[in-house]
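These notes are about the structure you will find just below.
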Amino acid sequence: MRVATKAYGAIDVDERQKILFPYGILGFEKLRDFVLLDAAQAPFYWLQSLEVVEIAFVLISPRVFHAGYRLEVPREEIEEIGIDSPDKALDFAIVTVPDDPKQMSANLQGPIII
């Protein structure tokens, strides 16, 4: 499928990269359809809204910089998205990229769980 992206313009994306967030993402509850894209620079990813091209989040695996990170989510929330264990989830942290890249940070308290 063809997708308009903030980072790369219009690109072709495999349908399997499409992700539905039934309740949206905190602060963006009205946006539910996204695609997960590899970023040009590893180890980052893009989570691109399919509804608003200007909305895209830079993601990273929390384990890249915190090897002992463990996903802690209430069991009912994990089950609600169709996963029976946090170990079976893909989880990411949203990265904040300020003007000074040395001040970059990742939100470990609000993971994106797929």
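Order determines the names: the first chain of the structure tokens is A, the second B, and so forth; residues in each chain are numbered 1 upward, and ligands are numbered 1 upward as they are shown.
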
Find the spatial neighbours of Pro62 (chain A), counting only C-alpha atoms, within a cut-off of 9 Å - ignore same-chain residues fewer than 5 positions away - and output them as an MDAnalysis selection string. chainID A and resid 67 69:70 91:93 106:108 111

Per-residue DSSP, chain A, filtered to alpha helix (DSSP H), as an MDAnalysis selection string: chainID A and resid 75:80

Here is a test: counting only C-alpha atoms, which residue of A:Phe65, A:Tyr23, A:Phe44, A:Phe57 is nearest to Thr5 (chain A)? A:Phe57

I'd like to know which of A:Lys102, A:Lys18, A:Arg63, A:Arg75 is closest to Pro43 (chain A), using only C-alpha atoms.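 Of all the options, A:Arg63 lies closest to Pro43 (chain A).
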
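Using only C-alpha atoms, the shortest contact distance between Met104 (chain A) and any of A:Pro86, A:Glu76, A:Leu71, A:Leu59 is found at A:Leu59.
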
To test your reading of the structure, identify every residue in chain A that backbone DSSP assigns to strand (DSSP E), and report it as a ChimeraX atom specification. /A:2-5,9-12,18-20,33-38,44-49,56-60,91-96,105-113

With a distance cut-off of 9 Å and only C-alpha atoms, select the neighbouring residues of region 46-50 of chain A, excluding the residue or stretch itself and same-chain residues fewer than 4 positions from it, and output the selection as number ranges by chain. A: 3-7, 18, 31-39, 54-60

For each of A:Val64, A:Gln109, A:Val97, A:Ile114, take the minimum atom-to-atom distance to Ile83 (chain A), counting only C-alpha atoms, then give the residue where this is smallest.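 Once distances to Ile83 (chain A) are computed over only C-alpha atoms, the minimum belongs to A:Ile114.
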
Looking at only C-alpha atoms, which of A:Ala89, A:Gln41, A:Val95, A:Gln17 is the one that sits closest to Gly110 (chain A)?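 That would be A:Val95, the residue with the smallest distance to Gly110 (chain A).
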
Could you tell me how far CA of Val73 (chain A) lies from CA of Ser105 (chain A), in Å and to one decimal?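 Separation of CA of Val73 (chain A) and CA of Ser105 (chain A): 21.1 Å.
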
Excluding Pro74 (chain A) and residues on its chain fewer than 5 positions from it, collect all residues at most 12 Å away from it, counting only C-alpha atoms, and give them as a short mmCIF file (atom, residue, chain, number, x, y, z; two decimals) with C-alpha atoms, in the first residue's frame.
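Output contents, as saved in out_12.cif:
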data_model
loop_
_atom_site.label_atom_id
_atom_site.label_comp_id
_atom_site.auth_asym_id
_atom_site.auth_seq_id
_atom_site.Cartn_x
_atom_site.Cartn_y
_atom_site.Cartn_z
CA GLU A 79 -4.72 -9.50 27.23
CA GLU A 80 -6.86 -6.67 25.87
CA ILE A 81 -4.56 -6.35 22.86
CA ILE A 83 -1.29 -11.07 23.91
CA ASP A 84 -1.16 -13.55 26.78
CA SER A 85 2.27 -12.49 28.07
CA PRO A 86 4.41 -9.31 27.96
#

Length of the CA of Tyr45 (chain A) to CA of Asp14 (chain A) vector [Å]: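 Going from CA of Tyr45 (chain A) over to CA of Asp14 (chain A) covers 15.2 Å.
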